[in-house]
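Novice: Input file: input03.txt. Contents: compact mmCIF, C-alpha atoms.
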```
# COMPACT_ATOMS: atom_id res chain seq x y z
CA MET A 1 -32.12 -120.27 67.80
CA VAL A 2 -34.29 -117.24 68.41
CA VAL A 3 -37.41 -118.65 66.77
CA LYS A 4 -38.24 -122.05 68.29
CA PHE A 5 -41.12 -123.01 66.02
CA TYR A 6 -43.80 -121.66 63.78
CA VAL A 7 -47.19 -122.59 62.37
CA VAL A 8 -48.45 -121.09 59.12
CA LYS A 9 -51.97 -121.28 57.77
CA ALA A 10 -52.30 -120.20 54.15
CA GLY A 11 -55.76 -120.91 52.78
CA GLU A 12 -56.44 -124.44 54.00
CA GLU A 13 -52.83 -125.53 54.02
CA LEU A 14 -51.16 -125.89 57.44
CA VAL A 15 -47.37 -125.84 57.77
CA PHE A 16 -45.59 -126.89 60.97
CA GLU A 17 -41.89 -126.26 61.58
CA GLY A 18 -39.77 -126.85 64.69
CA ASP A 19 -40.22 -128.78 67.94
CA GLY A 20 -43.68 -128.84 69.48
CA ALA A 21 -45.24 -126.83 66.68
CA LYS A 22 -48.11 -129.28 66.25
CA GLU A 23 -49.48 -128.52 69.72
CA TYR A 24 -50.30 -125.00 68.61
CA GLY A 25 -52.25 -125.80 65.44
CA ASP A 26 -55.51 -125.72 67.39
CA LEU A 27 -54.64 -122.44 69.07
CA LEU A 28 -53.93 -120.86 65.69
CA SER A 29 -57.35 -121.79 64.36
CA GLU A 30 -58.98 -120.58 67.61
CA ILE A 31 -57.39 -117.16 67.26
CA ASN A 32 -58.19 -117.15 63.56
CA ASN A 33 -61.91 -117.43 64.29
CA LYS A 34 -61.88 -114.10 66.14
CA ARG A 35 -61.32 -110.73 64.53
CA ILE A 36 -57.79 -110.44 65.90
CA SER A 37 -55.19 -109.11 63.46
CA THR A 38 -52.07 -109.14 65.63
CA SER A 39 -51.35 -110.36 69.13
CA ILE A 40 -48.51 -111.12 71.52
CA LEU A 41 -49.03 -113.86 74.10
CA TYR A 42 -46.73 -114.28 77.08
CA PHE A 43 -46.47 -117.64 78.78
CA LYS A 44 -44.33 -118.63 81.75
CA ASP A 45 -41.20 -119.50 79.80
CA PHE A 46 -41.94 -118.54 76.21
CA ALA A 47 -43.95 -116.14 74.07
CA LEU A 48 -46.07 -116.42 70.94
CA TYR A 49 -46.51 -113.84 68.21
CA PHE A 50 -49.59 -114.03 65.99
CA GLU A 51 -50.25 -112.06 62.84
CA ARG A 52 -52.83 -112.26 60.06
CA LYS A 53 -52.42 -110.45 56.78
CA HIS A 54 -52.92 -111.10 53.06
CA GLY A 55 -55.07 -114.14 53.91
CA VAL A 56 -52.14 -115.83 55.70
CA SER A 57 -52.00 -116.34 59.46
CA VAL A 58 -48.77 -117.09 61.32
CA LEU A 59 -48.00 -118.14 64.89
CA VAL A 60 -44.34 -117.84 65.88
CA GLY A 61 -42.96 -119.25 69.14
CA THR A 62 -39.97 -117.55 70.73
CA GLU A 63 -38.30 -116.54 73.99
CA ARG A 64 -40.05 -113.93 76.10
CA ASN A 65 -37.47 -111.25 75.39
CA THR A 66 -37.16 -111.70 71.62
CA VAL A 67 -40.69 -110.99 70.49
CA GLY A 68 -39.43 -108.18 68.26
CA LEU A 69 -37.46 -110.65 66.18
CA ALA A 70 -40.41 -113.06 66.02
CA LYS A 71 -42.38 -110.18 64.52
CA LEU A 72 -39.84 -109.77 61.72
CA ARG A 73 -39.85 -113.53 61.08
CA ALA A 74 -43.65 -113.55 60.92
CA LYS A 75 -43.59 -110.75 58.33
CA LYS A 76 -41.12 -112.71 56.19
CA LEU A 77 -43.24 -115.85 56.46
CA ILE A 78 -46.34 -113.95 55.39
CA ASP A 79 -44.48 -112.57 52.40
CA SER A 80 -43.38 -116.02 51.29
CA TYR A 81 -46.75 -117.74 51.75
CA LYS A 82 -49.15 -115.11 50.45
CA LYS A 83 -50.83 -115.68 47.12
CA LYS A 84 -49.16 -114.03 44.22
CA LEU A 85 -50.59 -113.14 40.84
CA LYS A 86 -48.64 -114.87 38.09
CA LEU A 87 -49.09 -112.98 34.86
CA LYS A 88 -46.59 -114.31 32.36
CA SER A 89 -48.13 -112.96 29.19
CA LEU A 90 -50.58 -110.36 27.95
CA ASP A 91 -53.23 -113.07 27.45
CA ASP A 92 -53.11 -113.90 31.16
CA ALA A 93 -53.69 -110.27 32.02
CA PHE A 94 -56.71 -110.06 29.70
CA GLU A 95 -58.11 -113.30 31.13
CA LEU A 96 -57.89 -111.86 34.61
CA ALA A 97 -59.50 -108.62 33.48
CA GLU A 98 -62.44 -110.53 32.00
CA LYS A 99 -62.82 -112.52 35.21
CA VAL A 100 -62.89 -109.39 37.30
CA GLU A 101 -65.39 -107.73 34.98
CA GLU A 102 -67.91 -110.55 35.45
CA MET A 103 -67.62 -110.60 39.23
CA SER A 104 -70.26 -109.20 41.55
CA LEU A 105 -69.11 -106.82 44.27
CA ASP A 106 -69.11 -109.50 46.99
CA GLU A 107 -67.12 -111.89 44.85
CA PHE A 108 -64.64 -109.18 44.01
CA ILE A 109 -64.06 -108.35 47.69
CA LYS A 110 -63.42 -112.04 48.47
CA PHE A 111 -61.05 -112.29 45.52
CA LYS A 112 -59.25 -109.13 46.55
CA GLU A 113 -58.73 -110.20 50.17
CA GLY A 114 -56.44 -113.00 49.06
CA TYR A 115 -54.02 -110.66 47.33
CA ASP A 116 -54.37 -107.20 48.71
CA ASP A 117 -53.09 -105.38 51.81
CA SER A 118 -56.49 -105.24 53.49
CA MET B 1 -31.55 -92.05 78.56
CA GLU B 2 -29.14 -94.64 77.14
CA LEU B 3 -32.09 -96.64 75.95
CA TYR B 4 -33.29 -93.81 73.82
CA ILE B 5 -29.86 -93.48 72.25
CA ILE B 6 -29.82 -97.17 71.34
CA LYS B 7 -33.30 -96.83 69.94
CA PHE B 8 -32.33 -93.86 67.85
CA ILE B 9 -29.26 -95.48 66.31
CA LEU B 10 -30.31 -99.06 65.73
CA GLY B 11 -33.88 -98.41 64.70
CA PRO B 12 -37.06 -100.39 65.04
CA ILE B 13 -35.69 -103.92 65.60
CA VAL B 14 -33.83 -103.05 68.75
CA GLU B 15 -36.53 -100.64 69.87
CA CYS B 16 -39.01 -103.43 70.06
CA THR B 17 -36.83 -105.99 71.81
CA VAL B 18 -35.18 -103.63 74.30
CA GLU B 19 -38.46 -102.16 75.44
CA LEU B 20 -40.15 -105.51 75.67
CA LEU B 21 -37.25 -106.81 77.77
CA ILE B 22 -37.70 -104.05 80.31
CA GLY B 23 -41.46 -104.42 80.27
CA ASN B 24 -41.21 -108.13 80.92
CA VAL B 25 -39.10 -107.84 84.02
CA TYR B 26 -41.40 -105.30 85.63
CA ILE B 27 -44.60 -107.01 84.66
CA LEU B 28 -43.40 -110.30 86.08
CA LYS B 29 -42.47 -108.56 89.32
CA TYR B 30 -45.85 -106.88 89.68
CA PHE B 31 -47.78 -109.77 88.32
CA GLN B 32 -46.76 -112.05 91.16
CA THR B 33 -48.24 -109.67 93.71
CA PHE B 34 -51.33 -108.86 91.66
CA SER B 35 -54.35 -109.51 93.85
CA MET B 36 -58.11 -109.67 93.33
CA THR B 37 -58.84 -106.17 94.53
CA VAL B 38 -57.79 -103.98 91.61
CA ASP B 39 -59.13 -100.46 91.95
CA LEU B 40 -60.07 -99.65 88.37
CA ARG B 41 -60.25 -95.90 89.04
CA GLU B 42 -56.77 -95.94 90.49
CA PHE B 43 -55.58 -97.95 87.49
CA TYR B 44 -57.12 -95.36 85.16
CA ALA B 45 -55.57 -92.47 87.07
CA ARG B 46 -52.07 -93.94 86.82
CA THR B 47 -52.09 -95.44 83.34
CA GLY B 48 -54.85 -93.63 81.45
CA LEU B 49 -56.26 -97.01 80.43
CA ARG B 50 -59.90 -97.90 80.86
CA ALA B 51 -60.22 -101.40 82.19
CA CYS B 52 -62.39 -104.16 83.55
CA TYR B 53 -61.82 -107.42 85.39
CA SER B 54 -63.55 -110.72 85.19
CA ASP B 55 -64.34 -113.77 87.28
CA ASP B 56 -64.92 -117.20 85.71
CA GLY B 57 -65.10 -115.83 82.17
CA LYS B 58 -67.68 -113.14 82.95
CA ILE B 59 -67.08 -109.43 83.45
CA ALA B 60 -67.38 -108.60 87.15
CA GLU B 61 -66.65 -104.87 87.15
CA SER B 62 -65.84 -102.31 84.46
CA TYR B 63 -64.87 -98.66 84.38
CA LEU B 64 -65.67 -96.24 81.50
CA LEU B 65 -66.15 -98.97 78.90
CA SER B 66 -68.78 -98.85 76.17
CA GLU B 67 -71.12 -101.75 75.40
CA ASP B 68 -69.40 -102.40 72.10
CA GLU B 69 -66.05 -102.76 73.85
CA LEU B 70 -67.52 -105.02 76.51
CA LYS B 71 -68.84 -107.32 73.78
CA LYS B 72 -65.40 -107.57 72.23
CA ILE B 73 -63.85 -108.24 75.64
CA GLU B 74 -66.31 -111.04 76.30
CA GLU B 75 -65.30 -112.57 72.99
CA LEU B 76 -61.65 -112.32 74.01
CA LEU B 77 -62.34 -113.93 77.38
CA THR B 78 -63.75 -117.03 75.70
CA LEU B 79 -60.51 -117.27 73.75
CA ILE B 80 -58.38 -116.80 76.86
CA GLU B 81 -60.11 -119.68 78.61
CA LYS B 82 -58.86 -121.99 75.86
CA MET B 83 -55.23 -120.88 76.15
CA PRO B 84 -52.60 -123.50 77.05
CA ASN B 85 -51.35 -123.65 80.65
CA GLY B 86 -48.99 -120.96 81.89
CA PHE B 87 -50.63 -118.03 80.10
CA GLU B 88 -49.76 -114.77 81.86
CA MET B 89 -50.29 -111.82 79.59
CA GLY B 90 -51.44 -110.99 76.11
CA ILE B 91 -51.97 -107.99 73.87
CA PHE B 92 -54.60 -108.36 71.14
CA GLU B 93 -55.42 -106.06 68.27
CA VAL B 94 -59.11 -106.23 67.36
CA ASP B 95 -60.43 -103.93 64.61
CA GLY B 96 -57.56 -101.48 65.08
CA GLU B 97 -57.97 -101.24 68.86
CA LYS B 98 -55.63 -102.92 71.30
CA TYR B 99 -56.64 -104.88 74.36
CA CYS B 100 -54.20 -105.82 77.08
CA VAL B 101 -55.00 -108.92 79.15
CA LEU B 102 -53.32 -109.81 82.45
CA LYS B 103 -54.17 -113.12 84.04
CA CYS B 104 -53.68 -114.32 87.60
CA LYS B 105 -54.97 -117.35 89.49
CA THR B 106 -58.40 -116.01 90.31
CA CYS B 107 -59.22 -113.23 87.86
CA THR B 108 -58.38 -111.55 84.55
CA LEU B 109 -57.76 -107.84 84.02
CA VAL B 110 -58.52 -106.42 80.55
CA ALA B 111 -57.45 -102.88 79.64
CA VAL B 112 -58.42 -101.01 76.46
CA ALA B 113 -55.37 -99.31 75.00
CA GLY B 114 -56.64 -97.61 71.86
CA SER B 115 -54.15 -97.55 69.02
CA GLU B 116 -50.87 -97.21 70.89
CA ASN B 117 -47.69 -99.21 70.37
CA PHE B 118 -47.35 -102.62 71.93
CA SER B 119 -44.28 -101.42 73.81
CA GLN B 120 -46.03 -98.28 75.11
CA ILE B 121 -48.82 -100.39 76.58
CA HIS B 122 -46.21 -102.60 78.19
CA GLU B 123 -44.49 -99.66 79.79
CA LYS B 124 -47.71 -98.16 81.10
CA VAL B 125 -49.07 -101.29 82.63
CA ALA B 126 -45.68 -102.19 84.05
CA ASN B 127 -45.24 -98.79 85.67
CA SER B 128 -48.71 -98.70 87.23
CA LYS B 129 -48.06 -99.53 90.84
CA VAL B 130 -51.72 -100.40 91.25
CA LEU B 131 -50.91 -103.99 90.54
CA ALA B 132 -48.10 -104.06 93.08
CA ASP B 133 -50.16 -102.46 95.82
CA GLY B 134 -53.16 -104.59 95.05
CA GLY B 135 -55.43 -101.57 94.84
```
Step by step, read the file and then write its structure as structure tokens.
Specialist:
Amino acid sequence: MVVKFYVVKAGEELVFEGDGAKEYGDLLSEINNKRISTSILYFKDFALYFERKHGVSVLVGTERNTVGLAKLRAKKLIDSYKKKLKLKSLDDAFELAEKVEEMSLDEFIKFKEGYDDS
Amino acid sequence: MELYIIKFILGPIVECTVELLIGNVYILKYFQTFSMTVDLREFYARTGLRACYSDDGKIAESYLLSEDELKKIEELLTLIEKMPNGFEMGIFEVDGEKYCVLKCKTCTLVAVAGSENFSQIHEKVANSKVLADGG
């Protein structure tokens, strides 16, 4: 196995997968408090890859020489955990439009961060 | 030369892993001999990276760094203190700028790497013989 474990934080939900993942839950929230968007951490016998995007933050544990693959895995995880807009009908779209219209600028930026690239 | 051919054919996945592999070996080698007395000017001359080093979580000496950058580095140092045991090296991207952190028993070296690739930073720091000579 290339990826030993991973921790995902999407909103307030925490997901642990693999051996020893729970030890790194605290570290993930520590890094999350700073303004770090990506980082690679090398330890004596393993490495960690961290990435935050679309309001989802991921910490992937791997071997020291396979960080490149951990990066790909992290991107896939972010894609699967990020919030998605579900617009099944025209009514849903209009509802959303009304919501957005009433928002103040600050509210809109917060709303947008959950979905958008920024 | 062969490396570049592999990179060209197999694209970004291999590029990342191959370069990191090489970087790792060198960095480990130099890291073990990394001593307290890093000459920051010498480091800048060989790598083009502005840097500083710290003792006990506080910046002891810096070279060509702005106040804004020093603030960010101090923030990073508080994070590094909380790292699990066995932490050796880390590259952090903060507000679009990359910071490279090397840790040894007594001190921490932080280099500001602008917006380069992770692998480029690796190569540079690994090839700087400053760390091997100990200044």
Novice: Given only C-alpha atoms as the basis, pick out the residue of B:Cys100, B:Cys107, B:Ala113, B:Met89 nearest to chain A.
Specialist: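 Closest to chain A, using only C-alpha atoms: B:Met89.
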Novice: Go through chain A and flag each residue having an atom no more than 10 Å from chain B; for those, report the closest pair of atoms plus their distance in Å to one decimal, using only C-alpha atoms, ordered by chain and rising number, as CSV.
Specialist:
```
residue,atom,partner,partner_atom,distance
A:Glu23,CA,B:Pro84,CA,9.4
A:Tyr24,CA,B:Pro84,CA,8.9
A:Asp26,CA,B:Lys82,CA,9.8
A:Leu27,CA,B:Met83,CA,7.3
A:Glu30,CA,B:Leu79,CA,7.1
A:Ile31,CA,B:Leu79,CA,7.2
A:Asn33,CA,B:Leu79,CA,9.6
A:Lys34,CA,B:Glu75,CA,7.8
A:Arg35,CA,B:Val94,CA,5.8
A:Ile36,CA,B:Val94,CA,4.6
A:Ser37,CA,B:Glu93,CA,5.7
A:Thr38,CA,B:Glu93,CA,5.3
A:Ser39,CA,B:Phe92,CA,4.3
A:Ile40,CA,B:Ile91,CA,5.2
A:Leu41,CA,B:Gly90,CA,4.3
A:Tyr42,CA,B:Met89,CA,5.0
A:Phe43,CA,B:Phe87,CA,4.4
A:Lys44,CA,B:Gly86,CA,5.2
A:Asp45,CA,B:Gly86,CA,8.2
A:Phe46,CA,B:Gly86,CA,9.4
A:Ala47,CA,B:Phe87,CA,9.2
A:Leu48,CA,B:Gly90,CA,9.2
A:Tyr49,CA,B:Gly90,CA,9.7
A:Phe50,CA,B:Phe92,CA,9.2
A:Glu51,CA,B:Glu93,CA,9.6
A:Arg64,CA,B:Asn24,CA,7.6
A:Asn65,CA,B:Leu21,CA,5.0
A:Thr66,CA,B:Thr17,CA,5.7
A:Val67,CA,B:Thr17,CA,6.5
A:Gly68,CA,B:Thr17,CA,4.9
A:Leu69,CA,B:Ile13,CA,7.0
A:Ala70,CA,B:Thr17,CA,9.8
A:Lys71,CA,B:Ile13,CA,9.2
A:Leu72,CA,B:Ile13,CA,8.2
```
Novice: Give me the residues near stretch 95-98 of chain A as a list in words, where near means some atom within 12 Å (using all atoms listed in the file) and where sequence neighbours in that chain fewer than 5 positions away do not count.
Specialist: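 After dropping sequence-adjacent residues, the list is Leu85, Lys86, Leu87, Lys88, Ser89, Leu90, Met103, Phe108 and Phe111 of chain A.
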Novice: Grab the atom CA of A:Met1 to atom CA of B:Glu123 distance for me, in Å with one decimal place.
Specialist: 26.9 Å
Novice: What does the distance between atom CA of B:Tyr63 and atom CA of A:Asn32 come to in Å, to one decimal place?
Specialist: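 Rounded to one decimal, the two atoms are 28.6 Å apart.
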Novice: Write out as a PyMOL selection string the residues lying within 12 Å of stretch 53-60 of chain B, counting only C-alpha atoms and excluding same-chain residues fewer than 4 positions away.
Specialist: chain B and resi 35-40+43+65+67+69-82+100-112
Novice: Mind listing as a list in words all residues within 10 Å of (-53.3, -121.6, 50.3), counting only C-alpha atoms?
Specialist: Lys9, Ala10, Gly11, Glu12, Glu13, Leu14, Gly55, Val56, Tyr81, Lys82, Lys83 and Gly114 of chain A
